$ cat final32.cif   # mmCIF, C-alpha atoms
data_entry
#
loop_
_atom_site.label_atom_id
_atom_site.label_comp_id
_atom_site.auth_asym_id
_atom_site.auth_seq_id
_atom_site.Cartn_x
_atom_site.Cartn_y
_atom_site.Cartn_z
CA MET A 1 127.36 -60.50 93.26
CA THR A 2 126.18 -58.19 96.04
CA ALA A 3 127.33 -54.60 96.22
CA ARG A 4 128.61 -53.89 99.72
CA PRO A 5 127.59 -50.83 101.72
CA VAL A 6 129.99 -47.99 101.00
CA THR A 7 129.89 -46.53 104.52
CA ALA A 8 132.22 -47.78 107.21
CA GLY A 9 130.93 -49.60 110.24
CA ARG A 10 130.26 -48.15 113.65
CA ARG A 11 132.23 -44.95 114.30
CA ARG A 12 133.10 -43.56 117.70
CA VAL A 13 132.26 -39.90 118.10
CA ALA A 14 132.80 -37.46 120.97
CA LEU A 15 129.80 -35.19 121.48
CA LEU A 16 130.64 -32.02 123.38
CA ALA A 17 127.71 -29.86 124.46
CA ARG A 18 127.09 -27.85 127.61
CA ALA A 19 123.29 -27.98 127.44
CA SER A 20 122.29 -31.34 128.90
CA GLU A 21 118.97 -31.49 127.03
CA THR A 22 120.72 -31.00 123.69
CA ARG A 23 123.49 -33.41 124.61
CA THR A 24 121.10 -36.19 125.61
CA ALA A 25 118.81 -35.79 122.61
CA LEU A 26 121.67 -35.61 120.14
CA ALA A 27 123.52 -38.54 121.71
CA ASP A 28 120.39 -40.64 121.22
CA TYR A 29 119.99 -39.45 117.66
CA LEU A 30 123.61 -40.18 116.70
CA THR A 31 123.50 -43.58 118.42
CA ASN A 32 120.39 -44.45 116.40
CA ALA A 33 122.26 -43.37 113.28
CA GLY A 34 124.96 -45.94 114.00
CA PHE A 35 127.57 -43.95 115.91
CA GLU A 36 129.11 -44.92 119.21
CA VAL A 37 128.78 -41.70 121.19
CA HIS A 38 130.94 -40.44 124.03
CA ALA A 39 128.99 -37.45 125.39
CA SER A 40 130.57 -34.79 127.58
CA ASP A 41 129.97 -31.22 128.73
CA GLU A 42 133.70 -30.46 128.71
CA LEU A 43 136.05 -29.48 125.93
CA ALA A 44 137.90 -32.72 125.39
CA ALA A 45 139.22 -34.81 122.54
CA PRO A 46 139.28 -38.48 123.59
CA ALA A 47 141.87 -40.29 121.48
CA SER A 48 139.50 -43.23 121.01
CA CYS A 49 137.08 -41.07 119.01
CA GLY A 50 137.50 -40.60 115.29
CA ALA A 51 135.54 -37.37 115.23
CA LEU A 52 134.40 -34.63 117.59
CA VAL A 53 131.12 -32.75 117.53
CA TRP A 54 131.04 -29.43 119.38
CA ILE A 55 127.65 -27.81 119.92
CA GLY A 56 127.73 -24.09 120.71
CA GLU A 57 125.16 -22.32 122.84
CA PRO A 58 122.36 -20.40 121.07
CA GLY A 59 123.34 -16.73 120.73
CA GLU A 60 126.89 -17.25 122.04
CA PRO A 61 129.19 -14.39 120.91
CA GLY A 62 131.80 -14.99 118.21
CA GLU A 63 135.03 -14.57 120.17
CA PRO A 64 134.40 -17.18 122.90
CA THR A 65 133.20 -19.55 120.16
CA ALA A 66 136.39 -19.07 118.13
CA SER A 67 138.51 -19.42 121.25
CA ALA A 68 136.81 -22.69 122.25
CA VAL A 69 137.10 -24.17 118.77
CA ARG A 70 140.75 -23.06 118.48
CA SER A 71 141.46 -24.86 121.72
CA LEU A 72 139.57 -27.92 120.53
CA MET A 73 141.51 -28.03 117.25
CA LYS A 74 144.80 -28.05 119.21
CA ARG A 75 143.61 -30.99 121.30
CA ALA A 76 142.09 -32.83 118.37
CA ARG A 77 145.31 -32.88 116.28
CA THR A 78 144.16 -35.34 113.59
CA GLN A 79 140.49 -35.91 114.42
CA ARG A 80 137.72 -34.47 112.30
CA VAL A 81 135.80 -31.73 114.12
CA VAL A 82 132.21 -30.73 113.37
CA VAL A 83 130.97 -27.50 114.97
CA VAL A 84 127.38 -26.27 115.21
CA THR A 85 127.27 -22.58 116.03
CA SER A 86 125.22 -19.44 115.60
CA ARG A 87 128.50 -17.62 114.80
CA PRO A 88 129.97 -19.54 111.84
CA LYS A 89 131.67 -16.45 110.39
CA ALA A 90 133.75 -16.14 113.57
CA LEU A 91 135.36 -19.45 112.59
CA ALA A 92 136.25 -18.47 109.01
CA GLU A 93 139.98 -18.17 109.73
CA LEU A 94 140.07 -21.50 111.52
CA VAL A 95 138.26 -23.17 108.64
CA ALA A 96 140.78 -21.65 106.21
CA SER A 97 143.73 -22.93 108.23
CA HIS A 98 142.37 -26.41 109.03
CA GLY A 99 140.69 -27.20 105.72
CA ALA A 100 138.42 -30.22 105.53
CA ARG A 101 139.26 -31.33 109.10
CA LEU A 102 136.99 -28.61 110.49
CA HIS A 103 133.38 -28.54 109.32
CA VAL A 104 131.14 -25.70 110.53
CA LEU A 105 127.34 -25.82 110.41
CA PRO A 106 125.22 -22.71 111.09
CA ALA A 107 122.73 -23.32 113.92
CA PRO A 108 120.05 -24.51 114.12
CA VAL A 109 120.56 -27.58 111.97
CA PHE A 110 118.71 -30.80 111.39
CA GLY A 111 120.26 -33.75 113.20
CA TRP A 112 120.87 -35.45 109.86
CA SER A 113 123.06 -32.55 108.71
CA LEU A 114 125.42 -33.57 111.50
CA VAL A 115 125.27 -37.20 110.42
CA ASP A 116 126.11 -36.21 106.84
CA ALA A 117 129.02 -34.06 108.04
CA LEU A 118 130.39 -36.93 110.12
CA ARG A 119 130.07 -39.39 107.26
CA ALA A 120 131.55 -37.06 104.63
CA MET B 1 110.95 -22.58 120.34
CA THR B 2 110.81 -19.71 122.78
CA SER B 3 108.22 -16.99 122.59
CA ARG B 4 110.93 -14.45 121.75
CA GLY B 5 111.70 -16.16 118.48
CA GLN B 6 114.93 -17.96 119.37
CA PRO B 7 114.92 -21.75 119.02
CA ARG B 8 115.81 -23.35 122.36
CA SER B 9 118.04 -25.89 120.70
CA VAL B 10 120.71 -25.59 118.08
CA VAL B 11 119.71 -28.97 116.66
CA LEU B 12 116.20 -29.43 115.33
CA GLY B 13 113.89 -32.04 113.91
CA PRO B 14 111.22 -31.40 111.27
CA VAL B 15 108.52 -28.93 112.35
CA MET B 16 105.29 -30.78 113.09
CA ALA B 17 103.10 -28.37 115.01
CA SER B 18 100.16 -28.74 112.62
CA PRO B 19 97.63 -31.58 112.72
CA ALA B 20 98.34 -32.30 109.04
CA MET B 21 102.05 -32.88 109.63
CA ARG B 22 101.45 -34.84 112.81
CA GLU B 23 99.12 -37.12 110.86
CA LEU B 24 101.72 -37.53 108.11
CA ASP B 25 104.31 -38.37 110.75
CA ARG B 26 101.97 -40.97 112.26
CA VAL B 27 101.76 -42.66 108.86
CA LEU B 28 105.53 -42.41 108.37
CA ARG B 29 106.09 -44.17 111.67
CA ALA B 30 103.79 -46.97 110.55
CA VAL B 31 105.40 -47.53 107.14
CA ALA B 32 109.04 -46.77 108.02
CA ALA B 33 109.89 -50.29 109.10
CA LYS B 34 108.04 -51.95 106.21
CA ASP B 35 109.91 -52.79 103.06
CA VAL B 36 107.59 -50.91 100.71
CA THR B 37 108.23 -48.27 98.07
CA VAL B 38 107.01 -44.88 99.23
CA THR B 39 106.15 -42.00 96.91
CA PHE B 40 105.75 -38.47 98.25
CA VAL B 41 103.54 -36.09 96.29
CA GLY B 42 103.71 -32.41 97.11
CA GLU B 43 104.10 -28.95 95.70
CA SER B 44 107.54 -27.50 95.10
CA GLY B 45 109.18 -26.43 98.35
CA SER B 46 106.72 -28.26 100.58
CA GLY B 47 109.39 -30.41 102.24
CA LYS B 48 109.34 -33.75 100.42
CA GLU B 49 113.05 -34.32 100.98
CA VAL B 50 112.74 -33.44 104.68
CA MET B 51 109.96 -35.99 105.07
CA THR B 52 111.96 -38.59 103.14
CA ARG B 53 114.85 -37.99 105.48
CA ARG B 54 112.46 -38.38 108.38
CA LEU B 55 111.27 -41.70 106.91
CA HIS B 56 114.89 -42.85 106.64
CA ASP B 57 115.55 -41.84 110.26
CA LEU B 58 112.52 -43.78 111.47
CA SER B 59 113.44 -46.89 109.50
CA PRO B 60 115.83 -49.71 110.41
CA ARG B 61 118.02 -48.37 107.59
CA ARG B 62 118.90 -45.21 109.53
CA LYS B 63 122.42 -46.51 110.15
CA GLY B 64 122.95 -46.70 106.41
CA PRO B 65 123.46 -43.88 103.91
CA PHE B 66 120.79 -41.53 102.62
CA VAL B 67 121.46 -40.71 98.98
CA PRO B 68 119.31 -38.11 97.20
CA ILE B 69 119.13 -37.58 93.43
CA ASN B 70 117.32 -34.69 91.84
CA CYS B 71 116.15 -36.12 88.52
CA THR B 72 115.84 -32.65 86.96
CA ALA B 73 119.50 -31.85 87.62
CA ILE B 74 121.07 -34.69 85.62
CA PRO B 75 121.47 -34.53 81.83
CA ASP B 76 119.73 -37.44 80.06
CA THR B 77 123.01 -38.74 78.64
CA LEU B 78 124.59 -39.08 82.09
CA PHE B 79 121.55 -40.39 83.94
CA GLU B 80 122.26 -44.11 83.67
CA SER B 81 125.85 -43.70 84.78
CA GLU B 82 124.81 -41.43 87.65
CA LEU B 83 122.28 -43.99 88.83
CA PHE B 84 124.01 -47.30 88.18
CA GLY B 85 127.68 -46.30 87.88
CA HIS B 86 130.11 -47.20 85.10
CA GLU B 87 133.09 -49.40 84.41
CA ARG B 88 136.45 -48.01 83.36
CA GLY B 89 136.44 -47.24 79.63
CA ALA B 90 132.65 -47.40 79.38
CA PHE B 91 132.66 -44.07 77.57
CA THR B 92 135.03 -41.25 76.68
CA GLY B 93 136.38 -39.80 79.89
CA ALA B 94 135.55 -42.84 82.04
CA THR B 95 139.14 -43.36 83.15
CA GLU B 96 138.15 -45.13 86.33
CA ARG B 97 135.25 -47.22 87.59
CA GLY B 98 132.57 -44.96 89.03
CA LEU B 99 130.01 -45.98 91.62
CA GLY B 100 126.44 -44.99 90.95
CA LYS B 101 124.00 -43.63 93.50
CA VAL B 102 122.33 -47.03 93.76
CA GLU B 103 125.56 -48.58 95.05
CA MET B 104 126.29 -45.60 97.28
CA ALA B 105 122.92 -46.10 98.93
CA ALA B 106 123.58 -49.78 99.75
CA GLY B 107 122.08 -50.62 103.13
CA GLY B 108 120.25 -47.30 103.21
CA THR B 109 117.76 -45.18 101.29
CA LEU B 110 117.88 -43.91 97.71
CA PHE B 111 115.70 -40.84 97.16
CA LEU B 112 114.66 -40.04 93.58
CA ASP B 113 113.30 -36.50 93.68
CA GLU B 114 111.07 -35.32 90.83
CA VAL B 115 111.03 -38.84 89.41
CA ALA B 116 108.56 -37.79 86.70
CA GLU B 117 111.48 -35.99 85.03
CA MET B 118 113.48 -39.18 84.63
CA PRO B 119 114.25 -39.87 80.94
CA VAL B 120 111.64 -42.22 79.48
CA ALA B 121 114.40 -44.37 77.96
CA LEU B 122 115.83 -45.10 81.42
CA GLN B 123 112.52 -45.90 83.08
CA PRO B 124 112.53 -49.62 82.07
CA LYS B 125 115.93 -50.01 83.75
CA LEU B 126 114.61 -48.41 86.93
CA LEU B 127 111.60 -50.72 86.76
CA ARG B 128 113.84 -53.79 86.47
CA PHE B 129 115.94 -52.56 89.36
CA LEU B 130 112.90 -51.98 91.57
CA GLU B 131 111.65 -55.49 90.81
CA THR B 132 114.91 -57.37 91.25
CA HIS B 133 117.26 -55.02 93.11
CA ARG B 134 119.79 -56.06 90.47
CA PHE B 135 121.57 -53.74 88.06
CA MET B 136 124.55 -53.50 85.77
CA ARG B 137 127.04 -50.64 85.66
CA VAL B 138 127.33 -48.88 82.29
CA GLY B 139 129.89 -50.89 80.26
CA GLY B 140 129.70 -53.75 82.76
CA THR B 141 129.03 -57.41 82.10
CA ARG B 142 128.03 -58.61 85.57
CA LYS B 143 124.77 -58.09 87.36
CA LEU B 144 125.14 -56.67 90.85
CA GLU B 145 122.63 -56.90 93.63
CA VAL B 146 122.08 -54.20 96.21
CA ASP B 147 119.89 -53.87 99.29
CA VAL B 148 118.39 -50.42 99.12
CA ARG B 149 115.04 -48.81 99.84
CA VAL B 150 113.83 -46.52 97.07
CA VAL B 151 111.72 -43.48 97.94
CA LEU B 152 110.31 -41.28 95.20
CA ALA B 153 108.92 -37.78 95.08
CA THR B 154 106.91 -35.92 92.51
CA LEU B 155 105.26 -32.50 92.22
CA ARG B 156 102.12 -33.82 90.58
CA PRO B 157 100.30 -37.13 90.84
CA LEU B 158 102.02 -39.46 88.39
CA GLU B 159 98.71 -40.40 86.76
CA GLU B 160 98.91 -37.12 84.84
CA GLU B 161 102.40 -37.96 83.59
CA VAL B 162 101.24 -41.44 82.53
CA ARG B 163 98.31 -39.98 80.60
CA ALA B 164 100.66 -37.51 78.90
CA GLY B 165 102.97 -40.38 77.88
CA ARG B 166 105.90 -39.02 79.88
CA PHE B 167 105.90 -41.79 82.44
CA ARG B 168 105.66 -45.53 81.79
CA GLU B 169 102.47 -47.14 82.99
CA ASP B 170 104.22 -50.32 84.19
CA LEU B 171 106.67 -48.30 86.25
CA PHE B 172 103.79 -46.24 87.61
CA TYR B 173 102.01 -49.36 88.86
CA ARG B 174 105.25 -50.76 90.29
CA ILE B 175 105.85 -47.69 92.45
CA GLN B 176 102.26 -47.34 93.62
CA GLY B 177 103.29 -48.82 96.93
CA ILE B 178 102.35 -46.15 99.39
CA VAL B 179 101.62 -42.65 98.15
CA LEU B 180 101.83 -39.91 100.78
CA THR B 181 100.91 -36.29 100.26
CA VAL B 182 103.05 -33.59 101.86
CA PRO B 183 100.57 -30.79 102.51
CA PRO B 184 101.34 -27.30 101.20
CA LEU B 185 102.25 -24.72 103.83
CA ARG B 186 98.87 -22.95 103.51
CA GLU B 187 97.24 -26.13 104.84
CA ARG B 188 99.50 -26.32 107.89
CA ARG B 189 99.80 -22.75 109.06
CA ARG B 190 100.55 -23.84 112.62
CA ASP B 191 104.01 -24.87 111.44
CA ILE B 192 104.77 -21.32 110.34
CA PRO B 193 105.75 -19.78 113.75
CA ALA B 194 108.29 -22.53 114.47
CA LEU B 195 109.61 -22.34 110.90
CA ILE B 196 109.99 -18.56 111.23
CA ASP B 197 112.00 -18.90 114.43
CA ALA B 198 114.25 -21.62 113.05
CA PHE B 199 114.90 -19.81 109.75
CA VAL B 200 115.53 -16.42 111.37
CA ALA B 201 118.04 -18.01 113.75
CA GLN B 202 119.79 -19.95 111.01
CA LEU B 203 119.83 -17.10 108.49
CA SER B 204 121.19 -14.70 111.12
CA ALA B 205 123.98 -17.20 111.71
CA ILE B 206 124.69 -17.62 108.00
CA HIS B 207 124.75 -13.87 107.35
CA ASP B 208 126.53 -13.07 110.62
CA CYS B 209 124.01 -10.52 111.82
CA GLU B 210 121.73 -9.93 114.78
CA PRO B 211 118.33 -11.57 114.27
CA PRO B 212 115.53 -9.15 113.42
CA LYS B 213 112.51 -8.99 115.75
CA LEU B 214 109.27 -9.64 113.92
CA MET B 215 106.40 -7.45 115.12
CA ARG B 216 103.02 -9.07 115.63
CA SER B 217 101.62 -7.51 112.45
CA ALA B 218 104.47 -8.98 110.37
CA ARG B 219 104.11 -12.41 111.98
CA ALA B 220 100.37 -12.31 111.34
CA ALA B 221 101.00 -11.43 107.69
CA LEU B 222 103.39 -14.36 107.33
CA LEU B 223 100.83 -16.61 109.01
CA ALA B 224 98.04 -15.49 106.69
CA HIS B 225 99.93 -15.61 103.39
CA ASP B 226 99.12 -18.45 100.99
CA TRP B 227 102.76 -19.34 100.22
CA PRO B 228 102.52 -20.74 96.69
CA GLY B 229 106.27 -21.46 96.93
CA ASN B 230 105.75 -23.13 100.33
CA VAL B 231 108.52 -23.46 102.92
CA ARG B 232 111.20 -22.47 100.40
CA GLN B 233 109.39 -19.20 99.69
CA LEU B 234 108.96 -18.51 103.42
CA ARG B 235 112.70 -18.99 103.88
CA ASN B 236 113.43 -16.59 101.01
CA VAL B 237 111.19 -13.90 102.53
CA LEU B 238 112.88 -14.36 105.92
CA GLU B 239 116.29 -14.11 104.30
CA PHE B 240 115.18 -10.78 102.79
CA VAL B 241 114.12 -9.34 106.16
CA THR B 242 117.04 -10.87 108.07
CA ILE B 243 119.49 -9.08 105.82
CA LEU B 244 117.59 -5.80 105.47
CA ARG B 245 116.35 -5.50 109.06
CA ALA B 246 119.22 -7.13 110.96
CA GLY B 247 118.92 -6.38 114.65
CA GLN B 248 115.83 -4.22 114.05
CA THR B 249 112.11 -4.67 114.21
CA VAL B 250 110.22 -6.00 111.20
CA ARG B 251 106.86 -4.34 110.61
CA LEU B 252 104.21 -5.24 108.07
CA GLN B 253 105.57 -2.62 105.66
CA ASP B 254 109.08 -4.12 105.90
CA LEU B 255 107.95 -7.35 104.27
CA PRO B 256 108.65 -7.81 100.54
CA PRO B 257 106.29 -5.93 98.20
CA GLY B 258 103.00 -7.75 97.70
CA LEU B 259 103.10 -9.85 100.82
CA GLY B 260 101.54 -7.28 103.16
CA ARG B 261 98.89 -6.23 100.66
CA THR B 262 97.93 -9.80 99.80
CA THR B 263 97.66 -10.57 103.48
CA ALA B 264 95.56 -7.57 104.32
CA ALA B 265 93.15 -8.61 101.58
CA ALA B 266 93.20 -12.24 102.69
CA ALA B 267 92.58 -11.34 106.32
CA GLY B 268 89.32 -9.66 105.47
CA SER B 269 88.20 -12.30 103.00
CA ALA B 270 85.91 -15.24 103.54
CA LEU B 271 87.55 -18.55 104.36
CA ALA B 272 87.08 -21.32 101.83
CA VAL B 273 86.83 -24.58 103.73
CA ASP B 274 87.07 -28.04 102.24
CA THR B 275 84.30 -29.85 104.10
CA ASP B 276 85.64 -33.23 103.11
CA GLN B 277 88.01 -33.34 106.09
CA PRO B 278 87.77 -34.03 109.83
CA LEU B 279 85.88 -31.49 111.92
CA ALA B 280 88.94 -30.83 114.09
CA THR B 281 90.93 -29.82 111.01
CA ILE B 282 88.18 -27.46 109.86
CA VAL B 283 88.03 -25.89 113.33
CA ASP B 284 91.82 -25.43 113.26
CA GLN B 285 91.58 -23.69 109.88
CA VAL B 286 88.87 -21.33 111.13
CA VAL B 287 90.86 -20.53 114.29
CA ASP B 288 94.05 -19.87 112.32
CA HIS B 289 92.17 -17.70 109.84
CA VAL B 290 90.63 -15.53 112.55
CA ILE B 291 93.94 -15.16 114.40
CA ALA B 292 95.58 -14.08 111.16
CA ALA B 293 92.71 -11.67 110.46
CA GLU B 294 93.25 -10.16 113.91
CA ARG B 295 96.96 -9.91 113.17
CA GLY B 296 97.94 -12.35 115.89
CA ASN B 297 95.95 -10.68 118.68
CA LEU B 298 94.52 -13.66 120.57
CA THR B 299 92.24 -11.56 122.77
CA ARG B 300 90.49 -10.05 119.76
CA ALA B 301 90.44 -13.41 117.96
CA ALA B 302 88.82 -15.10 120.97
CA LYS B 303 86.21 -12.33 121.20
CA ARG B 304 85.44 -12.66 117.50
CA LEU B 305 85.03 -16.43 117.83
CA GLY B 306 82.93 -16.09 120.98
CA VAL B 307 85.21 -18.20 123.15
CA SER B 308 87.49 -17.45 126.07
CA ILE B 309 91.16 -16.80 125.41
CA ARG B 310 91.99 -19.94 127.41
CA THR B 311 89.76 -22.01 125.14
CA LEU B 312 91.53 -20.51 122.13
CA GLN B 313 94.94 -21.24 123.59
CA ARG B 314 93.93 -24.84 124.41
CA ARG B 315 92.64 -25.27 120.87
CA ARG B 316 95.94 -24.05 119.43
CA ARG B 317 97.90 -26.50 121.57
CA ALA B 318 95.65 -29.43 120.64
#
$ encode --input "final32.cif" --output "structure tokens"
Amino acid sequence: MTARPVTAGRRRVALLARASETRTALADYLTNAGFEVHASDELAAPASCGALVWIGEPGEPGEPTASAVRSLMKRARTQRVVVVTSRPKALAELVASHGARLHVLPAPVFGWSLVDALRA
Amino acid sequence: MTSRGQPRSVVLGPVMASPAMRELDRVLRAVAAKDVTVTFVGESGSGKEVMTRRLHDLSPRRKGPFVPINCTAIPDTLFESELFGHERGAFTGATERGLGKVEMAAGGTLFLDEVAEMPVALQPKLLRFLETHRFMRVGGTRKLEVDVRVVLATLRPLEEEVRAGRFREDLFYRIQGIVLTVPPLRERRRDIPALIDAFVAQLSAIHDCEPPKLMRSARAALLAHDWPGNVRQLRNVLEFVTILRAGQTVRLQDLPPGLGRTTAAAAGSALAVDTDQPLATIVDQVVDHVIAAERGNLTRAAKRLGVSIRTLQRRRRA
């Protein structure tokens, strides 16, 4: 008897990042890791995506970060949201109110930390 | 990385600025697609798990899971269940079937860190699994088969553990597929600037503070230190200065006690060079040593080496 892989098949993920270099590199990385990636530079939550990844700008202040993620959480409704930011503490209240649906990673992170967060 | 110490990107790959790490990466690229057991040997904190993750990412298994196990963190009595899983009722408290790490890693990579610490009694079962890719859950009656690549890591060469009777010889020979050494940080000092920038940025984010600005003397001290605790120790030192000097400058005297003094002594000392390595590597070591001795001042370092500053800069980029 063969044990089947525990992970699900291909997952569709929305990648939201303003910096085109980051967006392109990360889209490639996530695609190679088995995700179907919908990359965008706008704050959007395509219904076809099971999870959203929002990449903040390096050194971005806390309040605009919290505001953007708050807005994203409203649009996302049920989707899992993974945020990479240099201001993770600014999102503490949002994390408390959204629980496991919002996962915040302090920047910079390894690409595989994102993969692990999406697969968790 | 930018020259002002802020990483350009919020998402990073492993730091490979040094010739030693670039060479290791070249080998990883060659073996990643091959179905061979890989064992990483390296000092504590040198980045064996990072390189294993890199191997996984370069392999056709990258779409599958990466499952790490630290063999020192699991009590002997639970090891078999942790690795191979258990059936309901297999032991007191086993109220449900539990999947082991081997099954969780199906289609991907299973990483056994500090494999020399694995209980001797369990080593024959690991050997059988490596040979057949078949296993049985604790309390189970059926053999299961799983497609998984096993990568191992150890602090010391396993020959020493075999000689001491702590590691089975047959298992040792089975896992002698490809043994790769992760160099200690003192042998790849060119990775230190990029590591500093990445850690300072990340630690400032974690501790919600402005990043400190490292003065040239402090950077030179970090570059010259021997780092017996490797990358992990560097991160700890940077956490210390990030918290204590948030938003301020970090001078040599702001580094943890011992670091500055050791460095000052090291900077004036003779360089011990292992001549059994490529000339380019030896030249890199000499260049790095002189730059550290001149506390990061490239003009003075170039003068001391008798080359132009452009030659020195080209050499550092090579």
$ atom_distance --input "final32.cif" --atom1 "CA of Phe40 (chain B)" --atom2 "CA of Met104 (chain B)"
21.8 Å
$ resolve_selection --input "final32.cif" --expression "the PyMOL selection byres ((chain B) within 6 of (chain A))" --output "list of chain:residue names"
B:Val10, B:Val11, B:Leu12, B:Gly13, B:Arg62, B:Lys63, B:Met104, B:Ala106, B:Gly107, B:Leu144, B:Glu145, B:Val146, B:Gln202, B:Ala205, B:Ile206
$ residues_around --input "final32.cif" --residues "Asp113 (chain B)" --least-positions-apart "5" --cutoff "9 Å" --atoms "all atoms listed in the file" --output "ChimeraX atom specification"
/B:48-49,68-72,151-154
$ write_last_selection --input "final32.cif" --atoms "C-alpha atoms" --output "PDB file, in the frame of the given file"
ATOM      1  CA  LYS B  48     109.340 -33.750 100.420  1.00  0.00           C
ATOM      2  CA  GLU B  49     113.050 -34.320 100.980  1.00  0.00           C
ATOM      3  CA  PRO B  68     119.310 -38.110  97.200  1.00  0.00           C
ATOM      4  CA  ILE B  69     119.130 -37.580  93.430  1.00  0.00           C
ATOM      5  CA  ASN B  70     117.320 -34.690  91.840  1.00  0.00           C
ATOM      6  CA  CYS B  71     116.150 -36.120  88.520  1.00  0.00           C
ATOM      7  CA  THR B  72     115.840 -32.650  86.960  1.00  0.00           C
ATOM      8  CA  VAL B 151     111.720 -43.480  97.940  1.00  0.00           C
ATOM      9  CA  LEU B 152     110.310 -41.280  95.200  1.00  0.00           C
ATOM     10  CA  ALA B 153     108.920 -37.780  95.080  1.00  0.00           C
ATOM     11  CA  THR B 154     106.910 -35.920  92.510  1.00  0.00           C
TER      12      THR B 154
END
$ atom_distance --input "final32.cif" --atom1 "CA of Val241 (chain B)" --atom2 "CA of Val200 (chain B)"
8.9 Å
$ residues_around --input "final32.cif" --residues "Leu238 (chain B)" --least-positions-apart "6" --cutoff "12 Å" --atoms "all atoms listed in the file" --output "MDAnalysis selection string"
chainID B and resid 192:193 195:204 207 211:214 218:219 222 231:232 244:246 250 254:256 259
$ write_last_selection --input "final32.cif" --atoms "C-alpha atoms" --output "mmCIF file, in the coordinates of the input"
data_model
loop_
_atom_site.group_PDB
_atom_site.id
_atom_site.type_symbol
_atom_site.label_atom_id
_atom_site.label_comp_id
_atom_site.auth_asym_id
_atom_site.auth_seq_id
_atom_site.Cartn_x
_atom_site.Cartn_y
_atom_site.Cartn_z
ATOM 1 C CA ILE B 192 104.770 -21.320 110.340
ATOM 2 C CA PRO B 193 105.750 -19.780 113.750
ATOM 3 C CA LEU B 195 109.610 -22.340 110.900
ATOM 4 C CA ILE B 196 109.990 -18.560 111.230
ATOM 5 C CA ASP B 197 112.000 -18.900 114.430
ATOM 6 C CA ALA B 198 114.250 -21.620 113.050
ATOM 7 C CA PHE B 199 114.900 -19.810 109.750
ATOM 8 C CA VAL B 200 115.530 -16.420 111.370
ATOM 9 C CA ALA B 201 118.040 -18.010 113.750
ATOM 10 C CA GLN B 202 119.790 -19.950 111.010
ATOM 11 C CA LEU B 203 119.830 -17.100 108.490
ATOM 12 C CA SER B 204 121.190 -14.700 111.120
ATOM 13 C CA HIS B 207 124.750 -13.870 107.350
ATOM 14 C CA PRO B 211 118.330 -11.570 114.270
ATOM 15 C CA PRO B 212 115.530 -9.150 113.420
ATOM 16 C CA LYS B 213 112.510 -8.990 115.750
ATOM 17 C CA LEU B 214 109.270 -9.640 113.920
ATOM 18 C CA ALA B 218 104.470 -8.980 110.370
ATOM 19 C CA ARG B 219 104.110 -12.410 111.980
ATOM 20 C CA LEU B 222 103.390 -14.360 107.330
ATOM 21 C CA VAL B 231 108.520 -23.460 102.920
ATOM 22 C CA ARG B 232 111.200 -22.470 100.400
ATOM 23 C CA LEU B 244 117.590 -5.800 105.470
ATOM 24 C CA ARG B 245 116.350 -5.500 109.060
ATOM 25 C CA ALA B 246 119.220 -7.130 110.960
ATOM 26 C CA VAL B 250 110.220 -6.000 111.200
ATOM 27 C CA ASP B 254 109.080 -4.120 105.900
ATOM 28 C CA LEU B 255 107.950 -7.350 104.270
ATOM 29 C CA PRO B 256 108.650 -7.810 100.540
ATOM 30 C CA LEU B 259 103.100 -9.850 100.820
#
$ atom_distance --input "final32.cif" --atom1 "CA of Glu210 (chain B)" --atom2 "CA of Ala194 (chain B)"
18.4 Å
$ resolve_selection --input "final32.cif" --expression "the PyMOL selection byres ((chain A and resi 53) around 12)" --output "MDAnalysis selection string"
chainID A and resid 12:18 23 26:27 30 35 37:46 49:52 54:56 69 72:73 76 79:85 101:105 111 113:115 117:118
$ resolve_selection --input "final32.cif" --expression "the PyMOL selection byres ((chain B and resi 109) around 10)" --output "list in words"
Thr52, Arg53, Leu55, His56, Asp57, Ser59, Arg61, Arg62, Gly64, Pro65, Phe66, Val67, Pro68, Val102, Met104, Ala105, Ala106, Gly107, Gly108, Leu110, Phe111, Leu112, Asp147, Val148, Arg149, Val150 and Val151 of chain B
$ axis_aligned_box --input "final32.cif" --around "region 35-50 of chain B" --padding-each-side "8 Å" --output "AutoDock Vina command-line options"
--center_x 108.3 --center_y -39.6 --center_z 99.9 --size_x 25.5 --size_y 42.4 --size_z 25.6
$ residues_around --input "final32.cif" --residues "Gly296 (chain B)" --least-positions-apart "5" --cutoff "10 Å" --atoms "only C-alpha atoms" --output "PyMOL selection string"
chain B and resi 215-221+223-224+288-291+301
$ write_last_selection --input "final32.cif" --atoms "C-alpha atoms" --output "short mmCIF file (atom, residue, chain, number, x, y, z; two decimals), keeping the file's coordinate frame"
data_model
loop_
_atom_site.label_atom_id
_atom_site.label_comp_id
_atom_site.auth_asym_id
_atom_site.auth_seq_id
_atom_site.Cartn_x
_atom_site.Cartn_y
_atom_site.Cartn_z
CA MET B 215 106.40 -7.45 115.12
CA ARG B 216 103.02 -9.07 115.63
CA SER B 217 101.62 -7.51 112.45
CA ALA B 218 104.47 -8.98 110.37
CA ARG B 219 104.11 -12.41 111.98
CA ALA B 220 100.37 -12.31 111.34
CA ALA B 221 101.00 -11.43 107.69
CA LEU B 223 100.83 -16.61 109.01
CA ALA B 224 98.04 -15.49 106.69
CA ASP B 288 94.05 -19.87 112.32
CA HIS B 289 92.17 -17.70 109.84
CA VAL B 290 90.63 -15.53 112.55
CA ILE B 291 93.94 -15.16 114.40
CA ALA B 301 90.44 -13.41 117.96
#
$ residues_around --input "final32.cif" --residues "region 189-191 of chain B" --least-positions-apart "6" --cutoff "7 Å" --atoms "all atoms listed in the file" --output "tab-separated table (two decimals) with C-alpha atoms, keeping the file's coordinate frame"
chain	number	residue	atom	x	y	z
B	15	VAL	CA	108.52	-28.93	112.35
B	16	MET	CA	105.29	-30.78	113.09
B	17	ALA	CA	103.10	-28.37	115.01
B	18	SER	CA	100.16	-28.74	112.62
B	223	LEU	CA	100.83	-16.61	109.01
